[in-house]
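Novice: model.txt is reproduced below (compact mmCIF, C-alpha atoms and all ligand atoms).
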```txt
# COMPACT_ATOMS: atom_id res chain seq x y z
CA MET Y 1 -58.70 -27.91 -9.89
CA ILE Y 2 -56.67 -26.70 -6.98
CA ILE Y 3 -54.06 -29.49 -7.21
CA LYS Y 4 -53.16 -31.63 -10.19
CA ALA Y 5 -50.63 -34.47 -10.05
CA GLN Y 6 -49.62 -35.74 -13.48
CA ASN Y 7 -47.74 -38.92 -14.07
CA ILE Y 8 -45.57 -38.72 -10.96
CA LEU Y 9 -42.51 -40.95 -10.91
CA THR Y 10 -40.56 -41.35 -7.67
CA ARG Y 11 -37.42 -43.34 -7.08
CA PHE Y 12 -35.18 -43.80 -4.06
CA GLY Y 13 -32.01 -45.40 -5.47
CA ASP Y 14 -33.15 -48.47 -7.43
CA LYS Y 15 -36.50 -48.61 -5.71
CA ILE Y 16 -39.51 -47.19 -7.57
CA ILE Y 17 -42.20 -45.83 -5.23
CA HIS Y 18 -44.60 -44.14 -7.68
CA ASN Y 19 -44.80 -45.05 -11.35
CA GLY Y 20 -47.27 -42.77 -13.13
CA VAL Y 21 -49.42 -41.47 -10.29
CA SER Y 22 -52.06 -38.95 -11.42
CA PHE Y 23 -54.99 -37.34 -9.60
CA SER Y 24 -56.77 -34.00 -9.22
CA ILE Y 25 -58.12 -32.26 -6.15
CA LYS Y 26 -61.08 -29.88 -6.40
CA GLU Y 27 -61.66 -26.73 -4.43
CA ASN Y 28 -63.43 -27.17 -1.08
CA GLU Y 29 -63.25 -30.96 -0.90
CA ILE Y 30 -61.73 -33.24 1.69
CA PHE Y 31 -59.45 -35.47 -0.34
CA GLY Y 32 -57.87 -38.62 1.08
CA ILE Y 33 -54.63 -40.38 0.20
CA LEU Y 34 -54.99 -44.03 1.16
CA GLY Y 35 -52.90 -47.13 0.61
CA GLY Y 36 -51.10 -49.89 2.45
CA SER Y 37 -48.04 -49.36 4.59
CA GLY Y 38 -45.11 -48.26 2.44
CA SER Y 39 -47.28 -47.51 -0.60
CA GLY Y 40 -45.94 -43.96 -0.80
CA LYS Y 41 -48.68 -41.86 0.83
CA SER Y 42 -46.40 -39.73 2.99
CA VAL Y 43 -43.92 -39.28 0.15
CA LEU Y 44 -46.77 -37.97 -2.03
CA LEU Y 45 -47.81 -35.53 0.67
CA LYS Y 46 -44.24 -34.33 1.18
CA GLN Y 47 -43.81 -33.82 -2.57
CA MET Y 48 -46.86 -31.56 -2.65
CA LEU Y 49 -45.36 -29.62 0.27
CA LEU Y 50 -42.00 -29.16 -1.53
CA LEU Y 51 -40.28 -31.33 1.06
CA GLU Y 52 -39.41 -34.29 -1.16
CA HIS Y 53 -38.08 -34.72 -4.68
CA PHE Y 54 -39.87 -36.44 -7.59
CA ASP Y 55 -38.19 -37.89 -10.67
CA GLY Y 56 -40.84 -37.47 -13.34
CA GLY Y 57 -44.20 -35.86 -14.05
CA ASP Y 58 -45.29 -32.67 -12.34
CA TYR Y 59 -47.62 -31.21 -9.76
CA GLU Y 60 -49.61 -28.05 -10.30
CA ILE Y 61 -50.73 -26.42 -7.05
CA LEU Y 62 -52.78 -23.21 -7.02
CA GLY Y 63 -51.52 -22.52 -10.52
CA TYR Y 64 -47.81 -23.08 -9.75
CA SER Y 65 -45.89 -25.89 -11.40
CA LEU Y 66 -43.65 -27.57 -8.79
CA LYS Y 67 -41.05 -28.81 -11.26
CA ASN Y 68 -38.21 -26.29 -11.27
CA ILE Y 69 -40.20 -23.87 -9.06
CA SER Y 70 -38.25 -20.71 -8.16
CA GLU Y 71 -37.37 -19.88 -4.54
CA GLU Y 72 -39.67 -16.90 -4.71
CA ASN Y 73 -42.69 -18.90 -5.92
CA ALA Y 74 -41.93 -21.66 -3.43
CA LEU Y 75 -42.16 -19.14 -0.59
CA ALA Y 76 -45.37 -17.67 -2.01
CA LEU Y 77 -46.86 -21.16 -2.13
CA ARG Y 78 -45.71 -22.06 1.40
CA LEU Y 79 -47.64 -19.08 2.72
CA LYS Y 80 -50.84 -20.34 1.11
CA TRP Y 81 -51.12 -23.63 2.93
CA GLY Y 82 -51.19 -24.98 6.44
CA VAL Y 83 -49.78 -28.33 7.53
CA VAL Y 84 -50.34 -30.55 10.54
CA PHE Y 85 -47.93 -33.46 10.77
CA GLN Y 86 -48.62 -36.71 12.55
CA PHE Y 87 -47.42 -35.79 16.03
CA ALA Y 88 -48.80 -32.24 16.14
CA ALA Y 89 -45.19 -30.96 16.19
CA LEU Y 90 -45.73 -28.01 18.52
CA PHE Y 91 -42.72 -26.26 19.99
CA SER Y 92 -42.62 -27.69 23.50
CA PHE Y 93 -40.77 -24.72 24.99
CA PHE Y 94 -43.34 -22.20 23.68
CA SER Y 95 -46.81 -21.56 25.11
CA VAL Y 96 -49.96 -22.16 23.07
CA PHE Y 97 -50.13 -18.43 22.30
CA GLU Y 98 -46.52 -18.37 21.09
CA ASN Y 99 -46.97 -21.51 19.00
CA ILE Y 100 -49.90 -20.01 17.08
CA ALA Y 101 -48.32 -16.54 16.86
CA ILE Y 102 -45.07 -17.79 15.24
CA PRO Y 103 -46.23 -17.64 11.60
CA LEU Y 104 -47.93 -14.28 12.21
CA LYS Y 105 -44.76 -12.80 13.71
CA GLU Y 106 -42.58 -14.29 11.02
CA TYR Y 107 -44.58 -13.48 7.91
CA THR Y 108 -46.69 -10.40 8.73
CA LYS Y 109 -46.05 -6.92 10.06
CA LEU Y 110 -49.04 -6.97 12.38
CA ASP Y 111 -48.80 -5.21 15.75
CA ASP Y 112 -49.02 -7.17 19.02
CA GLU Y 113 -52.66 -6.39 19.61
CA SER Y 114 -53.73 -7.62 16.16
CA ILE Y 115 -51.63 -10.75 16.59
CA PHE Y 116 -53.33 -11.43 19.92
CA GLU Y 117 -56.79 -11.00 18.36
CA LEU Y 118 -55.91 -13.26 15.45
CA VAL Y 119 -54.43 -15.97 17.70
CA LEU Y 120 -57.63 -15.95 19.74
CA MET Y 121 -59.76 -16.18 16.61
CA LYS Y 122 -57.78 -19.11 15.21
CA LEU Y 123 -57.90 -20.86 18.57
CA LYS Y 124 -61.69 -20.54 18.58
CA MET Y 125 -61.88 -21.83 15.01
CA ALA Y 126 -60.05 -24.90 16.26
CA GLY Y 127 -62.52 -25.36 19.12
CA LEU Y 128 -60.46 -24.05 22.06
CA ASP Y 129 -60.72 -20.86 24.15
CA GLU Y 130 -58.41 -18.35 25.80
CA SER Y 131 -58.03 -20.46 28.95
CA VAL Y 132 -55.32 -22.50 27.19
CA LEU Y 133 -53.30 -19.56 25.82
CA SER Y 134 -50.59 -19.58 28.48
CA LEU Y 135 -50.33 -23.36 28.78
CA TYR Y 136 -47.43 -25.39 27.35
CA PRO Y 137 -48.00 -28.32 24.94
CA SER Y 138 -47.13 -30.88 27.65
CA GLU Y 139 -50.05 -29.57 29.71
CA LEU Y 140 -52.57 -30.36 26.93
CA SER Y 141 -54.28 -33.61 25.96
CA GLY Y 142 -53.39 -35.16 22.59
CA GLY Y 143 -56.65 -33.90 21.09
CA MET Y 144 -56.00 -30.36 22.32
CA GLN Y 145 -52.46 -30.41 20.93
CA LYS Y 146 -53.85 -31.31 17.51
CA ARG Y 147 -56.31 -28.42 17.76
CA VAL Y 148 -53.49 -26.00 18.56
CA ALA Y 149 -51.57 -27.38 15.58
CA ILE Y 150 -54.64 -26.73 13.38
CA ALA Y 151 -54.93 -23.16 14.76
CA ARG Y 152 -51.28 -22.56 13.90
CA ALA Y 153 -51.66 -24.12 10.44
CA LEU Y 154 -54.55 -21.75 9.72
CA ALA Y 155 -52.88 -18.66 11.21
CA LEU Y 156 -52.10 -17.15 7.82
CA ASP Y 157 -55.59 -17.63 6.36
CA SER Y 158 -54.61 -20.65 4.32
CA LYS Y 159 -57.16 -22.06 1.94
CA LEU Y 160 -55.32 -25.37 1.73
CA LEU Y 161 -54.78 -27.60 4.74
CA PHE Y 162 -52.62 -30.75 4.68
CA LEU Y 163 -53.12 -33.28 7.46
CA ASP Y 164 -50.86 -36.30 7.96
CA GLU Y 165 -52.54 -39.02 10.05
CA PRO Y 166 -54.35 -36.45 12.19
CA THR Y 167 -56.12 -38.94 14.47
CA SER Y 168 -53.13 -41.15 15.15
CA GLY Y 169 -52.43 -41.31 18.87
CA LEU Y 170 -55.95 -40.16 19.77
CA ASP Y 171 -58.54 -42.32 21.54
CA PRO Y 172 -61.72 -43.14 19.53
CA HIS Y 173 -63.77 -40.40 21.21
CA SER Y 174 -61.19 -37.66 20.54
CA SER Y 175 -60.76 -38.98 16.99
CA ARG Y 176 -64.46 -38.51 16.24
CA GLU Y 177 -64.37 -35.04 17.80
CA PHE Y 178 -61.46 -34.27 15.51
CA ASP Y 179 -63.47 -35.49 12.50
CA HIS Y 180 -66.20 -33.01 13.45
CA LEU Y 181 -63.70 -30.21 13.66
CA VAL Y 182 -62.34 -31.00 10.19
CA LEU Y 183 -65.87 -31.07 8.73
CA ASN Y 184 -66.70 -27.75 10.41
CA LEU Y 185 -63.52 -26.12 9.17
CA LYS Y 186 -64.22 -27.23 5.64
CA SER Y 187 -67.76 -25.92 5.53
CA SER Y 188 -67.21 -22.73 7.56
CA PHE Y 189 -64.00 -21.52 5.99
CA ASP Y 190 -64.05 -22.84 2.40
CA LEU Y 191 -60.99 -24.94 3.02
CA THR Y 192 -59.64 -27.64 0.75
CA ILE Y 193 -58.25 -30.39 2.97
CA ILE Y 194 -55.81 -33.11 1.93
CA LEU Y 195 -55.54 -35.95 4.36
CA VAL Y 196 -53.37 -39.05 4.73
CA THR Y 197 -55.12 -41.46 7.04
CA HIS Y 198 -55.39 -45.08 8.18
CA ASP Y 199 -58.45 -44.36 10.31
CA LYS Y 200 -61.42 -46.16 8.74
CA GLU Y 201 -64.00 -44.11 10.62
CA SER Y 202 -62.37 -40.89 9.43
CA MET Y 203 -62.37 -42.22 5.88
CA LYS Y 204 -66.09 -42.89 6.05
CA ASN Y 205 -67.01 -39.68 7.93
CA LEU Y 206 -64.79 -37.18 6.21
CA LEU Y 207 -63.58 -37.92 2.75
CA ASN Y 208 -65.44 -36.51 -0.25
CA ARG Y 209 -63.10 -38.34 -2.60
CA PHE Y 210 -59.88 -40.28 -2.26
CA ILE Y 211 -57.19 -42.22 -4.07
CA ILE Y 212 -55.87 -45.63 -3.09
CA LEU Y 213 -52.22 -46.24 -3.92
CA GLU Y 214 -51.29 -49.79 -4.82
CA ASP Y 215 -48.47 -51.28 -6.90
CA LYS Y 216 -46.92 -47.82 -7.38
CA LYS Y 217 -50.07 -46.49 -9.08
CA VAL Y 218 -53.51 -45.09 -8.32
CA ALA Y 219 -55.63 -48.23 -8.04
CA PHE Y 220 -58.81 -46.25 -7.34
CA CYS Y 221 -59.98 -42.64 -7.38
CA GLY Y 222 -63.49 -41.66 -6.35
CA THR Y 223 -66.00 -41.68 -3.50
CA TYR Y 224 -66.76 -44.18 -0.74
CA ASP Y 225 -69.96 -45.29 -2.49
CA GLU Y 226 -68.20 -45.65 -5.83
CA LEU Y 227 -65.53 -47.86 -4.25
CA LYS Y 228 -68.22 -50.00 -2.63
CA GLU Y 229 -69.95 -50.43 -5.98
CA GLN Y 230 -66.93 -50.82 -8.22
CA ASN Y 231 -64.24 -52.68 -6.33
CA SER Y 232 -65.19 -55.07 -3.54
CA ARG Y 233 -61.58 -56.22 -3.08
CA LEU Y 234 -60.28 -52.73 -2.30
CA PHE Y 235 -63.41 -51.88 -0.33
CA LYS Y 236 -62.84 -54.92 1.92
CA LYS Y 237 -59.15 -54.17 2.26
CA PHE Y 238 -59.43 -50.49 3.17
CA MET Y 239 -62.92 -49.83 4.51
CA GLU Y 240 -64.00 -52.92 6.47
N1 LIG D 301 -36.01 -40.40 2.09
C1 LIG D 301 -36.19 -41.67 1.73
N2 LIG D 301 -35.16 -42.43 1.30
C2 LIG D 301 -35.35 -43.70 0.90
N3 LIG D 301 -36.54 -44.32 0.91
C3 LIG D 301 -37.61 -43.63 1.34
C4 LIG D 301 -37.49 -42.28 1.78
N4 LIG D 301 -38.72 -41.83 2.14
C5 LIG D 301 -39.57 -42.88 1.95
N5 LIG D 301 -38.90 -43.95 1.46
C6 LIG D 301 -39.50 -45.25 1.10
O1 LIG D 301 -40.62 -45.00 0.27
C7 LIG D 301 -41.66 -45.94 0.54
C8 LIG D 301 -42.93 -45.20 0.80
O2 LIG D 301 -42.83 -44.50 2.04
P1 LIG D 301 -44.02 -43.67 2.66
O3 LIG D 301 -43.53 -43.15 3.97
O4 LIG D 301 -44.56 -42.70 1.69
O5 LIG D 301 -45.11 -44.80 2.91
P2 LIG D 301 -46.58 -44.67 3.50
O6 LIG D 301 -47.52 -45.13 2.44
O7 LIG D 301 -46.78 -43.31 4.03
O8 LIG D 301 -46.51 -45.75 4.65
P3 LIG D 301 -47.05 -45.79 6.15
O9 LIG D 301 -48.54 -45.95 6.02
O10 LIG D 301 -46.42 -47.00 6.71
O11 LIG D 301 -46.64 -44.51 6.80
C9 LIG D 301 -41.17 -46.78 1.71
O12 LIG D 301 -40.69 -48.00 1.19
C10 LIG D 301 -40.06 -45.97 2.31
O13 LIG D 301 -39.10 -46.79 2.89
```
Go through the file and emit its structure as structure tokens.

Specialist:
Amino acid sequence: MIIKAQNILTRFGDKIIHNGVSFSIKENEIFGILGGSGSGKSVLLKQMLLLEHFDGGDYEILGYSLKNISEENALALRLKWGVVFQFAALFSFFSVFENIAIPLKEYTKLDDESIFELVLMKLKMAGLDESVLSLYPSELSGGMQKRVAIARALALDSKLLFLDEPTSGLDPHSSREFDHLVLNLKSSFDLTIILVTHDKESMKNLLNRFIILEDKKVAFCGTYDELKEQNSRLFKKFME
């Protein structure tokens, strides 16, 4: 297991968000976190990324326990994953090249030529070519911005990729193109991908397994076909 969540309890003030949430994510799967609005999907994602507290239980990610993790281990872990947040979150005042090069400049001692080669390689992995290198984010379509964000997230050879609502804001055609990209990345680069999504097509096309959060707990964990067979109420609610 690459990620294990055990009995997670989350509170904000008096309000309980998760009460005993447990799940495991296997290597090289696309794993979905589903649930209604406010069910705690984003909070769960942020907890795994060390961006949000939890009040009980523990996560184990790539062998590190997140409870009481040291600064040093937290940094080591941050270098092992890539993240794409909902609105691509590119630096608007940097070019595409600069956006993708940032983690390479910050965390490696590579020379300029190697950085250029790597940026180009990551851009191609994400389905773009050198013609966009000198453009600024505002000059790109929404779908292209997401691709640049993916290229940046994978700059450091991450094996874990977290995506928060990656198709939100995209038209249906670009959303399906994005699904293809995610599938390609998974199979070509042995990535494990964790995805929060509302997009029913993406759920059907992409997810190997998923959890559904409901009433502060995991109401379902398994595959699309298993949900269809085992729980028609949740299937209707989330997949139809
Ligand atoms: N920092 C915070 N302080 C207080 N409450 C918070 C905080 N972050 C999230 N919450 C609350 O936790 C609950 C779960 O939020 P979360 O953003 O995880 O929901 P979600 O399942 O991702 O919903 P959506 O699909 O609408 O984005 C919400 O009720 C939200 O108001």

Novice: Could you list, as number ranges by chain, all the residues within 10 Å of ligand LIG 301 (chain D), counting all atoms listed in the file?

Specialist: Y: 10-18, 33-47, 52-53, 86, 164-165, 196-198, 213-214, 216

Novice: Which of these, Y:Arg152, Y:Lys67, Y:Lys80, Y:Lys146, has the shortest distance to Leu104 (chain Y) once you count all atoms listed in the file?

Specialist: Y:Arg152

Novice: When you look at Glu177 (chain Y) with a cut-off of 12 Å (counting only C-alpha atoms), what residues show up, excluding the ones that are within fewer than 3 positions of it in the same chain? I need them as a ChimeraX atom specification.

Specialist: /Y:126-127,142-144,146-147,166-167,170-174,180-184,201-202,205-206

Novice: Between Y:Glu106, Y:Ser141, Y:Val218, Y:Asp190, which has the minimum distance to Gly169 (chain Y) (counting all atoms listed in the file)?

Specialist: Y:Ser141

Novice: So the first atom is CA of Arg209 (chain Y) and the second is CA of Thr223 (chain Y); what is the distance between them in Å, to one decimal place?

Specialist: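 These atoms are spaced 4.5 Å apart.
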
Novice: Rank Y:Pro137, Y:Glu98, Y:Arg78, Y:Ser175 by their smallest atom-to-atom distance to Asp157 (chain Y), using all atoms listed in the file, and report the top residue only.

Specialist: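 Under the stated criterion, the closest residue is Y:Arg78.
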
Novice: Given the point (-58.8, -16.8, 15.0) in the coordinates of this file, which residues lie within 10 Å, counting all atoms listed in the file, and how would they look as number ranges by chain?

Specialist: Y: 100, 115-126, 151-152, 154-157

Novice: Any idea what the distance is between CA of Asn68 (chain Y) and CA of Val83 (chain Y)?

Specialist: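 Between CA of Asn68 (chain Y) and CA of Val83 (chain Y) the gap works out to 22.2 Å.
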
Novice: Might you pull out every residue within 6 Å of Asn7 (chain Y), with only C-alpha atoms counted and same-chain residues fewer than 4 positions away left off, and present them as number ranges by chain?

Specialist: Y: 20-22, 57

Novice: With C-alpha atoms kept, could you save the residues just selected as a PDB file, keeping the file's coordinate frame?

Specialist:
```
ATOM      1  CA  GLY Y  20     -47.270 -42.770 -13.130  1.00  0.00           C
ATOM      2  CA  VAL Y  21     -49.420 -41.470 -10.290  1.00  0.00           C
ATOM      3  CA  SER Y  22     -52.060 -38.950 -11.420  1.00  0.00           C
ATOM      4  CA  GLY Y  57     -44.200 -35.860 -14.050  1.00  0.00           C
TER       5      GLY Y  57
END
```

Novice: If we count only C-alpha atoms, what is near Phe23 (chain Y) at a cut-off of 9 Å, once residues fewer than 5 positions away on the same chain are taken out, given as a list in words?

Specialist: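 Contacts, with the query itself left out: Ile3, Lys4, Ala5, Gln6, Asn7, Ile211, Val218 and Cys221 of chain Y.
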
Novice: Could you dump the residues just selected with C-alpha atoms as a PDB file, in the frame of the given file?

Specialist:
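The new file again.pdb reads:
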```pdb
ATOM      1  CA  ILE Y   3     -54.060 -29.490  -7.210  1.00  0.00           C
ATOM      2  CA  LYS Y   4     -53.160 -31.630 -10.190  1.00  0.00           C
ATOM      3  CA  ALA Y   5     -50.630 -34.470 -10.050  1.00  0.00           C
ATOM      4  CA  GLN Y   6     -49.620 -35.740 -13.480  1.00  0.00           C
ATOM      5  CA  ASN Y   7     -47.740 -38.920 -14.070  1.00  0.00           C
ATOM      6  CA  ILE Y 211     -57.190 -42.220  -4.070  1.00  0.00           C
ATOM      7  CA  VAL Y 218     -53.510 -45.090  -8.320  1.00  0.00           C
ATOM      8  CA  CYS Y 221     -59.980 -42.640  -7.380  1.00  0.00           C
TER       9      CYS Y 221
END
```

Novice: So the first atom is CA of Leu133 (chain Y) and the second is CA of Phe97 (chain Y); what is the distance between them in Å, to one decimal place?

Specialist: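 Straight-line distance from CA of Leu133 (chain Y) to CA of Phe97 (chain Y) works out to 4.9 Å.
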
Novice: Box along x, y and z, 3 Å on every side, all listed atoms of region 190-195 of chain Y inside: centre and edge lengths in Å to one decimal, as JSON.

Specialist:
```
{"center_x": -59.8, "center_y": -29.4, "center_z": 2.6, "size_x": 14.5, "size_y": 19.1, "size_z": 9.6}
```

Novice: For Leu135 (chain Y), work out the shell of residues within 8 Å, counting only C-alpha atoms and skipping chain neighbours fewer than 5 positions away, then give it as JSON, numbers by chain.

Specialist: {"Y": [95, 96, 140]}

Novice: So which one's closest to Asn73 (chain Y), Y:Ile212, Y:Ala89, Y:Leu50, Y:Leu160? Using all atoms listed in the file, please.

Specialist: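 Ranked by minimum distance to Asn73 (chain Y), first place goes to Y:Leu50.
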
Novice: Can region 118-141 of chain Y be brought up to N, CA, C and O atoms and written out as a compact mmCIF listing (two decimals), in the frame of the given file?

Specialist:
```txt
# COMPACT_ATOMS: atom_id res chain seq x y z
N LEU Y 118 -55.91 -12.20 16.46
CA LEU Y 118 -55.91 -13.26 15.45
C LEU Y 118 -55.66 -14.63 16.08
O LEU Y 118 -56.30 -15.62 15.72
N VAL Y 119 -54.72 -14.69 17.03
CA VAL Y 119 -54.43 -15.97 17.70
C VAL Y 119 -55.70 -16.47 18.38
O VAL Y 119 -56.06 -17.66 18.26
N LEU Y 120 -56.41 -15.57 19.03
CA LEU Y 120 -57.63 -15.95 19.74
C LEU Y 120 -58.68 -16.46 18.74
O LEU Y 120 -59.35 -17.46 18.99
N MET Y 121 -58.78 -15.78 17.62
CA MET Y 121 -59.76 -16.18 16.61
C MET Y 121 -59.44 -17.58 16.06
O MET Y 121 -60.32 -18.43 15.94
N LYS Y 122 -58.17 -17.81 15.77
CA LYS Y 122 -57.78 -19.11 15.21
C LYS Y 122 -57.99 -20.22 16.25
O LYS Y 122 -58.38 -21.34 15.92
N LEU Y 123 -57.70 -19.89 17.50
CA LEU Y 123 -57.90 -20.86 18.57
C LEU Y 123 -59.37 -21.26 18.65
O LEU Y 123 -59.71 -22.44 18.80
N LYS Y 124 -60.24 -20.26 18.52
CA LYS Y 124 -61.69 -20.54 18.58
C LYS Y 124 -62.15 -21.34 17.37
O LYS Y 124 -62.98 -22.24 17.49
N MET Y 125 -61.57 -21.03 16.20
CA MET Y 125 -61.88 -21.83 15.01
C MET Y 125 -61.57 -23.29 15.26
O MET Y 125 -62.25 -24.18 14.78
N ALA Y 126 -60.50 -23.53 16.01
CA ALA Y 126 -60.05 -24.90 16.26
C ALA Y 126 -60.74 -25.51 17.49
O ALA Y 126 -60.38 -26.60 17.93
N GLY Y 127 -61.72 -24.80 18.04
CA GLY Y 127 -62.52 -25.36 19.12
C GLY Y 127 -61.92 -25.24 20.51
O GLY Y 127 -62.27 -26.02 21.40
N LEU Y 128 -61.03 -24.27 20.72
CA LEU Y 128 -60.46 -24.05 22.06
C LEU Y 128 -60.74 -22.60 22.47
O LEU Y 128 -61.13 -21.79 21.64
N ASP Y 129 -60.51 -22.27 23.75
CA ASP Y 129 -60.72 -20.86 24.15
C ASP Y 129 -59.48 -20.31 24.84
O ASP Y 129 -58.47 -21.00 24.99
N GLU Y 130 -59.60 -19.04 25.30
CA GLU Y 130 -58.41 -18.35 25.80
C GLU Y 130 -57.80 -18.98 27.05
O GLU Y 130 -56.66 -18.67 27.40
N SER Y 131 -58.56 -19.87 27.71
CA SER Y 131 -58.03 -20.46 28.95
C SER Y 131 -56.75 -21.27 28.69
O SER Y 131 -55.99 -21.53 29.63
N VAL Y 132 -56.51 -21.68 27.45
CA VAL Y 132 -55.32 -22.50 27.19
C VAL Y 132 -54.13 -21.67 26.69
O VAL Y 132 -53.02 -22.20 26.52
N LEU Y 133 -54.33 -20.38 26.48
CA LEU Y 133 -53.30 -19.56 25.82
C LEU Y 133 -51.92 -19.63 26.47
O LEU Y 133 -50.89 -19.66 25.79
N SER Y 134 -51.89 -19.64 27.82
CA SER Y 134 -50.59 -19.58 28.48
C SER Y 134 -50.05 -20.97 28.83
O SER Y 134 -48.97 -21.10 29.42
N LEU Y 135 -50.80 -22.00 28.46
CA LEU Y 135 -50.33 -23.36 28.78
C LEU Y 135 -49.24 -23.80 27.79
O LEU Y 135 -49.13 -23.27 26.68
N TYR Y 136 -48.46 -24.80 28.21
CA TYR Y 136 -47.43 -25.39 27.35
C TYR Y 136 -47.98 -26.70 26.77
O TYR Y 136 -48.84 -27.33 27.38
N PRO Y 137 -47.47 -27.12 25.59
CA PRO Y 137 -48.00 -28.32 24.94
C PRO Y 137 -48.10 -29.53 25.89
O PRO Y 137 -49.08 -30.28 25.84
N SER Y 138 -47.11 -29.70 26.77
CA SER Y 138 -47.13 -30.88 27.65
C SER Y 138 -48.30 -30.84 28.63
O SER Y 138 -48.65 -31.85 29.23
N GLU Y 139 -48.92 -29.68 28.79
CA GLU Y 139 -50.05 -29.57 29.71
C GLU Y 139 -51.39 -29.83 29.01
O GLU Y 139 -52.44 -29.74 29.62
N LEU Y 140 -51.34 -30.15 27.71
CA LEU Y 140 -52.57 -30.36 26.93
C LEU Y 140 -52.76 -31.84 26.61
O LEU Y 140 -51.78 -32.57 26.47
N SER Y 141 -54.02 -32.25 26.43
CA SER Y 141 -54.28 -33.61 25.96
C SER Y 141 -53.86 -33.72 24.50
O SER Y 141 -53.66 -32.69 23.82
```
